[in-house]
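Please read the structure below before turning to the comments.
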Amino acid sequence: MKRLIKNGRVVDPSQGFDNTLDILIKDGRISNVDKKISSKGLEVFDATGLVVAPGFIDLHVHLREPGFEHKETIASGLDAALAGGFTGVCCMPNTEPVNDTASTTRYILDRAKASGTVAVYPIAAISKGSQGKELAPYAELREEGVRAVSDDGMPVTNAAFMRRVLEYAGSLGLLVIDHAEDPWLTGDGSMHEGSVSVRLGLKGIPAASEVIPILRDIELARLTGQRIHIAHVSTRGAVEAIRTAKEQGVQVSAEATPHHFSLTDEAVVSFDTRTKMSPPLRSQEDVDAVIEGLADGTLDCIASDHAPHAYEEKMVEFDQAPNGIIGLQTSVPLALDQLVRTKKVSLDRMVDAFSCAPARLLGLSDKGTLVPGADADLTIFSTRKQTCLREEDIRSLSRNSPYLGMKLRGAVAATVIGGTIHPAS
Amino acid sequence: MSFHHRHLLGIEGLSASDISLILDTAEKMREVSERPLKKVPALRGKLVINLFFEPSTRTRSSFEIAEKRLSADTMNFSTSTSSVKKGETFLDTVLTLERMRPDCYVMRHGSPGAFHIMFPHTTARLVNAGDGAHEHPTQALLDALTIRENKGGFDGLNVLIVGDIAHPRVVRSNIHLLRTMGANVTVCGPATLMPPHVERLGVEVVTNFEEALRDKDVVMMLRIQLERQRSGLFPSLLEYYKTYGLTRRRLALAREDAIVMHPGPMNRGVEIASDVADGPRSVILDQVENGVAIRMAVLYLLLSGGEDEAAD
């Protein structure tokens, strides 16, 4: 089976491409990338005016299954991912039960296989039950296909335990994804501590709540010589700490979410619970730092932290509402509109952040690149077409998005997985 | 002049003329409470629901008296536990009450901004009787009425607010109101009871009480909740009294005609000495009386207007 993606602007940072090229796909793999490949006898997708990039992988998604199927199922989450331009997603282990065993991982992978074409890379728990006390069985989890571990939402507070985690996971090649938060500094805060929280009378979460554990874990990565990946970086202090550590050769990587580069704590004045997440929306100064971090590669990846919650769970008082928003269908348009259109981040860097960098961190050598022989996973998008997400467009089971009705310049045109083209509807 | 707001959710957003209108109306209302028959028919046939999600004796009774003096029908809906814990959401509680066709809700809620959930679901007017640590506009207005009576106005007045600045709901309302009316506001208290970034509200922050008292026309003492000490925000009540308690000796550092205020209930011997609380400069009980007048004025302005029904 052969297909030709014709005349697209092919951006592949893994090879330094940014040219109008044709891509020949054969048996689900990239066969050739060149100028003017003959289309004779081939099924052709005309990508004129569109950008063609190696498939996007979202490092940070909550698929909620098993245990919270009223918020999202693996099937609905993958449907949203496909519509959002993602060829692969990593799902966080804070399900019920927590994904801390090979059998839960296998369950997720089986459900994913039955549900959709988007690849699922389950992230297993750092500790049993995400309790921060005993190591989860990493070797057994790795055998089942796990590539990363995280106690997302349940920060590891004990530094000695975190050291063991880095040593043990690192020796097995697993990426440790760090939800960096000091639970005591966060306390019962529900928004960023700053000039807006003092006006609204909502308890604040200081930036230091994120920066302190990041500094700790950078030191532990240095001490152990192992890798660490910082999830959802939201503060200037964190960006600067990571930049310095990288300059010193510490193996630290990081991600930022679209909401942390597109919204500030000013959004909370509406008391709309769709502006409540962890870490919280920060100040303009922090947003600027996150964007600078993405631009210079201090923050390697863009990840959505897609966190579905049912209507009735979010339709409560702000300080009582659960954290998180859905993001799979708005990530790419937000990056195009807020980063690329504004020329703050190059298109090349954006593609790297969505594709090459996550593939590299997960050790997926056949992904995140368009070299011949790689999997034919592509994200095809327009930098000019407008996206305006309406409720009826949402593929996720939940609707907790602050971006509904917002006009964003940039739209996903098609998601190609293993050579099969899924046009955006 | 007329009041162009549908609701009274906070002082933030009110203009100086809005505030003056409420204070002027309250002065007229005070006369009603002095009559032998303390009642006017202004709100006859209007249903006001006092919706209290947190315990409150003073504010609720003050509102209830104001409602009754204006001849409104009143209904009290109080619950000390949060609706979330009870198993019914706040919104469902509101939707249920909505079918009783109220004209106005007077609401106290522990969560800042809880009103924003109600907006799309009610046609009634809303009066905020305190939402978490956010706003408590009628308390700030009754404080303002008391200040105006005693000082004649606000322009250039030096007001000191002392104590727990972080937690009480009235602080932000008072700051917005006094700043809007042209007063200078200083806040004073232990750094652990000071909300981070409070200076962004346009106030001066002074930690030393003696220094802060200098040149002040108004000294507003705030209640110290005993659980603040238990949660480690200051070492002991005695130490608090020694550092921030308003004694006669300290009061002498303020202007000689300075007035002393307290929203109540007071902790005598913690934030205020008895001889100051009961002394000639204290206007604490006048505040209570002005509370009824202010609440009558607010309800009257929101509910009795015919011509402004569609405004705002």
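If you're wondering about the labels, chains in the structure tokens are A, B, ... by order shown, residues count from 1 in each chain, ligands from 1 in order shown.
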message: If you run DSSP on the backbone here, which positions in range 76-294 of chain A get strand (DSSP E or B)? Please write them as a PyMOL selection string.
response: chain A and resi 86-91+119-124+127+135+148-150+175-178+191-192+204-205+228-230+252-256
Convert the current residue selection to file output with C-alpha atoms, as a CSV table (one decimal), in the first residue's frame.
chain,number,residue,atom,x,y,z
A,86,PHE,CA,-1.8,13.6,18.1
A,87,THR,CA,-0.4,10.3,16.9
A,88,GLY,CA,0.5,9.2,20.4
A,89,VAL,CA,-0.3,10.1,24.0
A,90,CYS,CA,1.2,9.2,27.4
A,91,CYS,CA,-1.5,8.5,30.0
A,119,ALA,CA,-0.6,5.0,20.2
A,120,VAL,CA,-0.8,5.0,24.0
A,121,TYR,CA,2.3,5.0,26.2
A,122,PRO,CA,1.2,4.3,29.7
A,123,ILE,CA,3.1,6.1,32.4
A,124,ALA,CA,3.2,4.0,35.5
A,127,SER,CA,5.4,4.5,44.0
A,135,LEU,CA,8.9,1.7,44.7
A,148,ALA,CA,8.2,6.6,32.1
A,149,VAL,CA,7.0,6.8,35.7
A,150,SER,CA,5.3,9.6,37.5
A,175,LEU,CA,12.1,8.5,32.5
A,176,VAL,CA,11.0,9.9,35.8
A,177,ILE,CA,8.4,12.6,35.3
A,178,ASP,CA,8.3,14.9,38.3
A,191,MET,CA,-4.9,30.0,42.6
A,192,HIS,CA,-1.5,31.7,42.0
A,204,GLY,CA,-2.7,31.6,46.9
A,205,ILE,CA,-0.1,29.1,45.9
A,228,ILE,CA,14.6,13.8,35.4
A,229,HIS,CA,11.7,15.3,33.5
A,230,ILE,CA,9.8,18.2,35.1
A,252,VAL,CA,17.0,17.5,33.1
A,253,SER,CA,14.2,18.0,30.6
A,254,ALA,CA,10.9,19.7,31.0
A,255,GLU,CA,7.5,20.4,29.5
A,256,ALA,CA,5.0,23.3,29.5
Counting only C-alpha atoms, chain A residues within 10 Å of chain B, as an MDAnalysis selection string: chainID A and resid 193:204 206 269:273 312:313 315:320
Could you write out the selected residues, including N, CA and C atoms, as an mmCIF file, in the first residue's frame?
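Below is the file result.cif, written as the result:
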data_model
loop_
_atom_site.group_PDB
_atom_site.id
_atom_site.type_symbol
_atom_site.label_atom_id
_atom_site.label_comp_id
_atom_site.auth_asym_id
_atom_site.auth_seq_id
_atom_site.Cartn_x
_atom_site.Cartn_y
_atom_site.Cartn_z
ATOM 1 N N GLU A 193 -0.520 32.789 43.940
ATOM 2 C CA GLU A 193 -0.417 33.855 44.935
ATOM 3 C C GLU A 193 0.199 35.090 44.289
ATOM 4 N N GLY A 194 -0.587 36.155 44.208
ATOM 5 C CA GLY A 194 -0.102 37.369 43.564
ATOM 6 C C GLY A 194 -1.120 38.476 43.700
ATOM 7 N N SER A 195 -1.018 39.464 42.816
ATOM 8 C CA SER A 195 -1.884 40.633 42.962
ATOM 9 C C SER A 195 -3.347 40.304 42.681
ATOM 10 N N VAL A 196 -3.621 39.214 41.963
ATOM 11 C CA VAL A 196 -5.020 38.860 41.714
ATOM 12 C C VAL A 196 -5.599 38.102 42.909
ATOM 13 N N SER A 197 -4.824 37.180 43.477
ATOM 14 C CA SER A 197 -5.360 36.409 44.619
ATOM 15 C C SER A 197 -5.684 37.333 45.786
ATOM 16 N N VAL A 198 -4.889 38.373 45.976
ATOM 17 C CA VAL A 198 -5.160 39.259 47.108
ATOM 18 C C VAL A 198 -6.460 40.027 46.868
ATOM 19 N N ARG A 199 -6.765 40.311 45.616
ATOM 20 C CA ARG A 199 -8.013 41.011 45.295
ATOM 21 C C ARG A 199 -9.221 40.102 45.451
ATOM 22 N N LEU A 200 -9.065 38.857 45.032
ATOM 23 C CA LEU A 200 -10.212 37.949 45.011
ATOM 24 C C LEU A 200 -10.446 37.265 46.349
ATOM 25 N N GLY A 201 -9.478 37.366 47.257
ATOM 26 C CA GLY A 201 -9.647 36.701 48.539
ATOM 27 C C GLY A 201 -9.531 35.190 48.442
ATOM 28 N N LEU A 202 -8.984 34.699 47.327
ATOM 29 C CA LEU A 202 -8.748 33.260 47.196
ATOM 30 C C LEU A 202 -7.350 32.958 47.725
ATOM 31 N N LYS A 203 -7.213 31.823 48.393
ATOM 32 C CA LYS A 203 -5.905 31.499 48.950
ATOM 33 C C LYS A 203 -4.916 31.202 47.837
ATOM 34 N N GLY A 204 -3.711 31.722 47.994
ATOM 35 C CA GLY A 204 -2.730 31.650 46.931
ATOM 36 C C GLY A 204 -1.754 30.494 47.062
ATOM 37 N N PRO A 206 2.118 30.002 46.201
ATOM 38 C CA PRO A 206 3.269 30.791 45.758
ATOM 39 C C PRO A 206 4.081 30.051 44.702
ATOM 40 N N VAL A 269 -10.431 36.061 37.602
ATOM 41 C CA VAL A 269 -11.398 37.049 38.122
ATOM 42 C C VAL A 269 -12.837 36.672 37.781
ATOM 43 N N SER A 270 -13.022 35.830 36.786
ATOM 44 C CA SER A 270 -14.368 35.361 36.445
ATOM 45 C C SER A 270 -14.863 34.323 37.450
ATOM 46 N N PHE A 271 -14.009 33.846 38.318
ATOM 47 C CA PHE A 271 -14.302 32.746 39.243
ATOM 48 C C PHE A 271 -14.793 31.513 38.485
ATOM 49 N N ASP A 272 -14.437 31.432 37.212
ATOM 50 C CA ASP A 272 -14.818 30.294 36.383
ATOM 51 C C ASP A 272 -13.879 29.137 36.736
ATOM 52 N N THR A 273 -14.470 27.999 37.130
ATOM 53 C CA THR A 273 -13.628 26.889 37.591
ATOM 54 C C THR A 273 -12.812 26.273 36.450
ATOM 55 N N GLU A 312 -20.734 18.331 36.602
ATOM 56 C CA GLU A 312 -21.160 18.615 37.981
ATOM 57 C C GLU A 312 -19.969 18.726 38.932
ATOM 58 N N GLU A 313 -18.850 18.127 38.558
ATOM 59 C CA GLU A 313 -17.665 18.245 39.409
ATOM 60 C C GLU A 313 -17.056 19.642 39.324
ATOM 61 N N MET A 315 -18.872 22.363 38.290
ATOM 62 C CA MET A 315 -19.902 23.383 38.485
ATOM 63 C C MET A 315 -20.100 23.657 39.976
ATOM 64 N N VAL A 316 -19.018 23.870 40.693
ATOM 65 C CA VAL A 316 -19.108 24.123 42.131
ATOM 66 C C VAL A 316 -18.280 25.371 42.447
ATOM 67 N N GLU A 317 -18.247 25.738 43.725
ATOM 68 C CA GLU A 317 -17.497 26.901 44.149
ATOM 69 C C GLU A 317 -16.024 26.751 43.750
ATOM 70 N N PHE A 318 -15.389 27.879 43.404
ATOM 71 C CA PHE A 318 -14.027 27.835 42.865
ATOM 72 C C PHE A 318 -13.069 27.077 43.775
ATOM 73 N N ASP A 319 -13.097 27.402 45.076
ATOM 74 C CA ASP A 319 -12.116 26.770 45.969
ATOM 75 C C ASP A 319 -12.432 25.298 46.249
ATOM 76 N N GLN A 320 -13.610 24.837 45.836
ATOM 77 C CA GLN A 320 -13.969 23.430 46.039
ATOM 78 C C GLN A 320 -13.783 22.598 44.768
#
Expected answer as a PyMOL selection string: helix (DSSP H, G or I) residues in range 43-264 of chain B: chain B and resi 58-69+83-86+90-98+115-121+137-151+170-180+191-193+198-201+209-213+226-230+237-244+248-251
task: Could you check which of A:Phe261, A:Ser190, A:Ala139, A:Asp217 is closest to Phe161 in chain A, using only C-alpha atoms?
output: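 Among A:Phe261, A:Ser190, A:Ala139, A:Asp217, it is A:Asp217 that comes nearest to Phe161 in chain A.
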message: Neighbouring residues of Gly10 in chain B were defined as those with any atom within 9 Å, considering only C-alpha atoms; residues of the same chain fewer than 2 positions away were excluded. Please report them as a PyMOL selection string.
response: chain B and resi 7-8+12-14+127-128+130+134-138+173
Okay, now the selection with N, CA and C atoms, as an mmCIF file, in the first residue's frame?
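So selection_14.cif came out as:
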data_model
loop_
_atom_site.group_PDB
_atom_site.id
_atom_site.type_symbol
_atom_site.label_atom_id
_atom_site.label_comp_id
_atom_site.auth_asym_id
_atom_site.auth_seq_id
_atom_site.Cartn_x
_atom_site.Cartn_y
_atom_site.Cartn_z
ATOM 1 N N HIS B 7 -27.026 44.229 41.300
ATOM 2 C CA HIS B 7 -26.656 43.477 42.504
ATOM 3 C C HIS B 7 -25.670 44.289 43.333
ATOM 4 N N LEU B 8 -25.509 43.896 44.575
ATOM 5 C CA LEU B 8 -24.403 44.445 45.348
ATOM 6 C C LEU B 8 -23.505 43.268 45.742
ATOM 7 N N GLU B 12 -15.677 46.801 45.072
ATOM 8 C CA GLU B 12 -14.895 46.939 43.850
ATOM 9 C C GLU B 12 -15.878 47.075 42.687
ATOM 10 N N GLY B 13 -15.778 48.124 41.951
ATOM 11 C CA GLY B 13 -16.706 48.353 40.847
ATOM 12 C C GLY B 13 -17.721 49.450 41.136
ATOM 13 N N LEU B 14 -17.886 49.836 42.413
ATOM 14 C CA LEU B 14 -18.795 50.942 42.740
ATOM 15 C C LEU B 14 -18.036 52.267 42.600
ATOM 16 N N VAL B 127 -27.396 40.245 47.066
ATOM 17 C CA VAL B 127 -26.640 41.082 47.988
ATOM 18 C C VAL B 127 -25.626 40.185 48.684
ATOM 19 N N ASN B 128 -24.372 40.556 48.576
ATOM 20 C CA ASN B 128 -23.314 39.760 49.180
ATOM 21 C C ASN B 128 -23.215 40.090 50.673
ATOM 22 N N GLY B 130 -21.019 38.523 52.450
ATOM 23 C CA GLY B 130 -19.705 37.961 52.753
ATOM 24 C C GLY B 130 -19.444 36.712 51.939
ATOM 25 N N HIS B 134 -13.267 37.379 50.358
ATOM 26 C CA HIS B 134 -13.331 38.286 49.215
ATOM 27 C C HIS B 134 -13.928 39.636 49.586
ATOM 28 N N GLU B 135 -15.269 39.717 49.673
ATOM 29 C CA GLU B 135 -15.898 41.009 49.948
ATOM 30 C C GLU B 135 -17.024 40.868 50.958
ATOM 31 N N HIS B 136 -17.321 41.943 51.649
ATOM 32 C CA HIS B 136 -18.453 42.028 52.565
ATOM 33 C C HIS B 136 -18.908 43.482 52.491
ATOM 34 N N PRO B 137 -19.571 43.822 51.378
ATOM 35 C CA PRO B 137 -19.792 45.238 51.086
ATOM 36 C C PRO B 137 -20.643 45.983 52.118
ATOM 37 N N THR B 138 -21.682 45.348 52.689
ATOM 38 C CA THR B 138 -22.527 46.126 53.611
ATOM 39 C C THR B 138 -21.779 46.473 54.893
ATOM 40 N N SER B 173 -13.170 44.977 51.091
ATOM 41 C CA SER B 173 -14.262 45.927 50.849
ATOM 42 C C SER B 173 -13.932 47.278 51.459
#
query: Which residue gives the smallest distance to Val288 in chain B among B:Leu193, B:Val276, B:Leu142, B:Val106, with only C-alpha atoms counted?
result: B:Leu142
statement: Using only C-alpha atoms, the best pick from A:Cys356, A:Ala307, A:Ala102, A:Ile291 as closest to Val340 in chain A would be A:Ile291
task: Just the residues within 7 Å of range 92-105 of chain B, please, counting only C-alpha atoms, with nothing from its chain fewer than 3 positions along; format it as a PyMOL selection string.
output: chain B and resi 46-51+88-89+118+122+124-127
For Arg282 in chain A: contacts at 7 Å, only C-alpha atoms, fewer than 5 positions along chain excluded, given as a PyMOL selection string: chain A and resi 192+234-235+264-265+287
For the residues in the current selection, export C-alpha atoms as a PDB file, in the first residue's frame.
ATOM      1  CA  HIS A 192      -1.503  31.694  42.010  1.00  0.00           C
ATOM      2  CA  SER A 234       4.650  27.280  35.222  1.00  0.00           C
ATOM      3  CA  THR A 235       7.014  29.774  36.876  1.00  0.00           C
ATOM      4  CA  THR A 264      -2.537  34.414  33.282  1.00  0.00           C
ATOM      5  CA  ASP A 265      -4.056  34.535  36.760  1.00  0.00           C
ATOM      6  CA  VAL A 287       3.972  33.298  31.133  1.00  0.00           C
TER       7      VAL A 287
END
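Take CA of Gly264 in chain B and CA of Pro190 in chain B: the distance between them is 19.9 Å.
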query: Contacts of Lys38 in chain B at 10 Å or less, counting only C-alpha atoms, minus same-chain residues fewer than 2 places along, as a ChimeraX atom specification?
result: /B:31-36,40,65,68-71
Would you write out those residues with N, CA and C atoms, as a tab-separated table (two decimals), in the first residue's frame?
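File produced: selection_1.tsv:
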chain	number	residue	atom	x	y	z
B	31	GLU	N	-34.14	57.07	60.25
B	31	GLU	CA	-35.31	57.70	60.87
B	31	GLU	C	-36.42	56.67	61.11
B	32	VAL	N	-36.53	55.70	60.19
B	32	VAL	CA	-37.59	54.68	60.32
B	32	VAL	C	-37.42	53.91	61.63
B	33	SER	N	-36.17	53.61	61.97
B	33	SER	CA	-35.91	52.83	63.18
B	33	SER	C	-36.19	53.61	64.45
B	34	GLU	N	-36.33	54.93	64.29
B	34	GLU	CA	-36.59	55.74	65.48
B	34	GLU	C	-38.08	55.97	65.70
B	35	ARG	N	-38.91	55.52	64.75
B	35	ARG	CA	-40.36	55.71	64.90
B	35	ARG	C	-40.93	54.73	65.92
B	36	PRO	N	-42.08	55.04	66.50
B	36	PRO	CA	-42.74	54.07	67.37
B	36	PRO	C	-43.17	52.83	66.58
B	40	VAL	N	-41.95	50.61	57.18
B	40	VAL	CA	-42.48	51.31	56.01
B	40	VAL	C	-42.85	50.24	54.97
B	65	ILE	N	-33.72	42.34	60.22
B	65	ILE	CA	-34.42	43.51	60.75
B	65	ILE	C	-34.64	44.53	59.64
B	68	LYS	N	-37.46	43.42	57.46
B	68	LYS	CA	-38.77	43.53	58.10
B	68	LYS	C	-39.21	44.99	58.21
B	69	ARG	N	-38.27	45.87	58.46
B	69	ARG	CA	-38.65	47.29	58.56
B	69	ARG	C	-39.10	47.84	57.21
B	70	LEU	N	-38.70	47.17	56.14
B	70	LEU	CA	-39.14	47.60	54.81
B	70	LEU	C	-40.34	46.77	54.34
B	71	SER	N	-40.88	45.93	55.24
B	71	SER	CA	-42.08	45.11	54.97
B	71	SER	C	-41.88	44.01	53.93
- prompt: What does the distance between CA of Ile22 in chain B and CA of Val292 in chain B come to in Å, to one decimal place?
  reply: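 Between these atoms lies a distance of 12.6 Å.
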- prompt: If you count only C-alpha atoms, which residues fall within 10 Å of His62 in chain A, apart from same-chain ones fewer than 4 positions away, as JSON, numbers by chain?
  reply: {"A": [71, 72, 73, 74, 77, 89, 90, 91, 92, 93, 94, 95, 152, 304, 305, 306, 307, 308, 324, 326]}
What does the file look like for those residues with N, CA and C atoms, as a short mmCIF file (atom, residue, chain, number, x, y, z; two decimals), in the first residue's frame?
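Saved as result-v4.cif:
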data_model
loop_
_atom_site.label_atom_id
_atom_site.label_comp_id
_atom_site.auth_asym_id
_atom_site.auth_seq_id
_atom_site.Cartn_x
_atom_site.Cartn_y
_atom_site.Cartn_z
N LYS A 71 -15.61 10.65 33.50
CA LYS A 71 -14.88 11.84 33.05
C LYS A 71 -14.36 11.65 31.62
N GLU A 72 -13.82 10.46 31.39
CA GLU A 72 -13.20 10.16 30.10
C GLU A 72 -12.99 8.66 30.04
N THR A 73 -13.02 8.12 28.81
CA THR A 73 -12.62 6.73 28.64
C THR A 73 -11.40 6.74 27.72
N ILE A 74 -10.73 5.63 27.66
CA ILE A 74 -9.59 5.54 26.76
C ILE A 74 -10.06 5.82 25.33
N GLY A 77 -10.92 9.63 24.94
CA GLY A 77 -9.68 10.41 25.03
C GLY A 77 -8.85 10.27 23.76
N VAL A 89 -0.12 9.35 22.74
CA VAL A 89 -0.29 10.06 24.01
C VAL A 89 0.26 9.20 25.15
N CYS A 90 0.77 9.88 26.18
CA CYS A 90 1.18 9.20 27.40
C CYS A 90 0.08 9.43 28.43
N CYS A 91 -0.40 8.34 29.05
CA CYS A 91 -1.48 8.55 30.01
C CYS A 91 -0.96 8.39 31.44
N MET A 92 -1.39 9.32 32.27
CA MET A 92 -0.92 9.37 33.66
C MET A 92 -1.56 8.26 34.50
N PRO A 93 -0.85 7.84 35.55
CA PRO A 93 -1.30 6.65 36.29
C PRO A 93 -2.31 6.93 37.41
N ASN A 94 -2.77 8.17 37.57
CA ASN A 94 -3.66 8.43 38.72
C ASN A 94 -5.10 8.02 38.43
N THR A 95 -5.23 6.74 38.10
CA THR A 95 -6.55 6.15 37.85
C THR A 95 -6.96 5.36 39.09
N ASP A 152 2.10 11.78 39.23
CA ASP A 152 1.47 13.06 38.90
C ASP A 152 0.29 13.35 39.83
N SER A 304 -0.24 18.67 27.05
CA SER A 304 -1.52 19.34 27.34
C SER A 304 -1.93 19.30 28.81
N ASP A 305 -1.51 18.26 29.56
CA ASP A 305 -2.09 17.99 30.87
C ASP A 305 -3.62 17.92 30.77
N HIS A 306 -4.06 17.29 29.70
CA HIS A 306 -5.51 17.07 29.46
C HIS A 306 -6.13 16.41 30.69
N ALA A 307 -7.01 17.13 31.36
CA ALA A 307 -7.56 16.64 32.64
C ALA A 307 -9.08 16.80 32.65
N PRO A 308 -9.78 15.81 32.11
CA PRO A 308 -11.23 15.91 32.04
C PRO A 308 -11.89 15.77 33.41
N GLY A 324 -7.84 21.22 36.83
CA GLY A 324 -7.58 20.68 35.50
C GLY A 324 -8.58 21.07 34.44
N ILE A 326 -9.50 20.20 29.99
CA ILE A 326 -9.18 19.36 28.83
C ILE A 326 -8.29 20.17 27.88
#
Interatomic distance, CA of Val345 in chain A to CA of Ile5 in chain A (Å, one decimal):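 Spanning CA of Val345 in chain A to CA of Ile5 in chain A is a straight-line distance of 26.0 Å.
Using only C-alpha atoms for every distance, the candidate list B:Arg6, B:Lys39, B:Arg44, B:Arg108 yields B:Arg108 as the residue closest to Thr57 in chain B.
With only C-alpha atoms as the atoms that count, the residue of A:Met1, A:His260, A:Ala424, A:Leu370 with the shortest distance to Asp22 in chain A is A:Leu370.
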query: So which one's closest to Leu237 in chain B, B:Arg268, B:His262, B:Arg255, B:Lys216? Using only C-alpha atoms, please.
result: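 Going through B:Arg268, B:His262, B:Arg255, B:Lys216 one by one, the smallest distance to Leu237 in chain B is for B:Arg268.
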